[in-house]
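Here the structure is laid out as structure tokens; the discussion comes afterwards.
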Amino acid sequence: MKVLEIFHELKFSGAEIMYADASSFLREKGCDLTAMATASNFGEYTSHFKHVGYNVIHKPYPARCNFFGRLRYWLSFIRYIKNEAFDVIHIHSHSMMWEMAFAAHLAGKRSIYTFHSVFPSHSYSYPYHRFQRWSAKRIFGCKFQSISDSVHDHELTFYNNRTIKIYNWYGNNRFYPADNEEKAEVRKELAISPEALVLISVGGCSSNKRHSDIIKALPRIIEDNPSVVYLHLGMGEMEEEEKLLAAKLQVTNNIQFCKNKSDVRKYLIASDFYIMSSEHEGMPITTIEAMASGIPAILYNVPGLRDFNQHGEHSLLIPEDYEILAYSVIYLRLHPDVSIRLSNNAREYVNNTYNLQTNVSEIFNLYSSKKV
């Protein structure tokens, strides 16, 4: 079975990491895998896709004003998926969902679109977004998959769009807890004091991630723990603004802006607490990886993040407030019994719920099914 996975840019992001982790399993099932980027930048994760066995192609989508360029693009793309005899076109780029489903339909190919997050609409764009979903599914035969309870329920409630719910997964061979000796060795390697209180966030620098809340919480945390270190993994449009905020609050020396890292587990196991302060999420793979690594998580109570506590207490779920965030860090620091309970609960939960073999098997079954 030939499968084309379509992304915006091949970057260090949840969907790309998951499908790279799934590569060997899908290939064992007989899938010939190709990853395609449609952004102007190919992406820093390209080499990793190649390393795990994907064919990788770059087909940048012309700018909106280039009407004839876009027309040529679609004619070329339809010829390409016909000539390469793909069986399934799996779309991960939200902005390309309708067009790719239309092209797959014209080429006589099966298509799947995955909703990776909660995508709210403005009142003026809601009818258009609802029509996109209806026509892609009912006219083009595109199957819709959602990755979490929040995403599934959002689509059903706001768009009357029923999706196939298949949870995310993580590389359980890459993320697991460290013993005290390994943690000490990693801290030494990263030049972090054994006594330091280490916080970590993993994700792109965007307004949705709200890393600024973590930075704003630092002055209060530092009052109680002067040796606090915040490991900030990720890059993006808000990075410089976050650095300016850190300088303004005089906490720059307490933050390590680490950019993107391929060895994320090393930074996780050096940390005491994982924090995610997003406005909304789908089902963040980095949170699953942190929990699998035995790191207690402090999460804002928002769609996608509250899912982790839907079936038990697996994180410290708090209101969207940086002052409450600061006090939550201090609380867990003073109550190690709570931290241990949360991390043990979370690890068991993610091992059972976000199991790679189980959930990728469901994706493969979705690829194999010819029913809409």
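Going by the structure tokens order, chains are called A, B, ..., each with residues numbered from 1, while ligands are numbered from 1 in the order shown.
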Selection: 10 Å around A:Phe158, only C-alpha atoms, excl. self and same-chain fewer than 2 positions, as number ranges by chain:
A: 120-121, 126, 130, 153-156, 160-161
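Excluding A:Tyr354 and any residue on its chain fewer than 2 positions from it, the residues at most 7 Å away by only C-alpha atoms are A:Tyr167, A:Asn168, A:Trp169, A:Tyr170, A:Val350, A:Asn351, A:Asn352, A:Leu356, A:Asn359.
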For A:Leu332, which residue out of A:Ala292, A:Pro219, A:Leu249, A:Phe273 is the nearest one, using only C-alpha atoms?
A:Phe273
Shortest interatomic distance to A:His8 - which of A:His51, A:Gly203, A:Ile221, A:Met96, counting only C-alpha atoms:
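Closest candidate: A:Met96.
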How would you write, as a PyMOL selection string, the set of residues in stretch 138-361 of chain A that DSSP gives as alpha helix (DSSP H)?
chain A and resi 138+149-159+180-189+211-224+239-248+264-269+285-292+322-334+336-353+356-361
Give me the residues near A:Asn208 as a list in words, where near means some atom within 8 Å (using only C-alpha atoms) and where sequence neighbours in that chain fewer than 6 positions away do not count.
Ser278, Glu279 and His280 of chain A
Please build the interface table for stretch 125-240 of chain A against stretch 307-321 of chain A with a cut-off of 8 Å, listing for each qualifying residue the nearest atom pair and the distance in Å to one decimal; count only C-alpha atoms, order rows by chain and increasing number, and write it as a tab-separated table.
```
residue	atom	partner	partner_atom	distance
A:Ser148	CA	A:Asp307	CA	7.6
A:Asp149	CA	A:Asp307	CA	6.7
A:Ser150	CA	A:Asp307	CA	6.7
A:Asp213	CA	A:Asp321	CA	7.5
```
Can those selected residues be exported to a file as a compact mmCIF listing (two decimals), in the first residue's frame so that it contains C-alpha atoms?
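Just written: out_30.txt:
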```txt
# COMPACT_ATOMS: atom_id res chain seq x y z
CA SER A 148 -8.36 13.20 21.18
CA ASP A 149 -11.65 13.52 23.03
CA SER A 150 -11.46 17.31 22.95
CA ASP A 213 3.13 32.91 31.25
```
Name the residues in contact with stretch 43-48 of chain A at a cut-off of 10 Å, using only C-alpha atoms, excluding same-chain residues fewer than 5 positions from it; report them as a list in words.
His8, Glu9, Leu10, Lys11, Phe12, Ser13, Glu16, Ile17, Ala20, Ala35, Met36, Ala37, Gly53, Tyr54, Asn55, Val56, Ile57, His58, Asn260 and Ser262 of chain A
Within 8 Å of A:Met291 using only C-alpha atoms, minus same-chain residues under 3 positions, as a list in words
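Close residues of A:Met291: Thr287, Ile288, Gly294, Ile295, Pro296, Ala297, Ser343, Ala346, Arg347 and Val350 of chain A.
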For A:Ala104, please output as a PyMOL selection string all residues within 12 Å (counting only C-alpha atoms; exclusion window: fewer than 2 positions along the same chain).
chain A and resi 4+6+74-75+77-82+85-91+96-102+106-113+136+139-143
Choose the residue, out of A:Leu231, A:Ala217, A:Leu245, A:Ile275, that has the smallest atom-to-atom separation from A:Ile324; count only C-alpha atoms.
A:Ala217
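Among A:Glu362, A:Glu348, A:Glu5, A:Asp272, the residue with the shortest atom-to-atom distance to A:Leu197, counting only C-alpha atoms, is A:Asp272.
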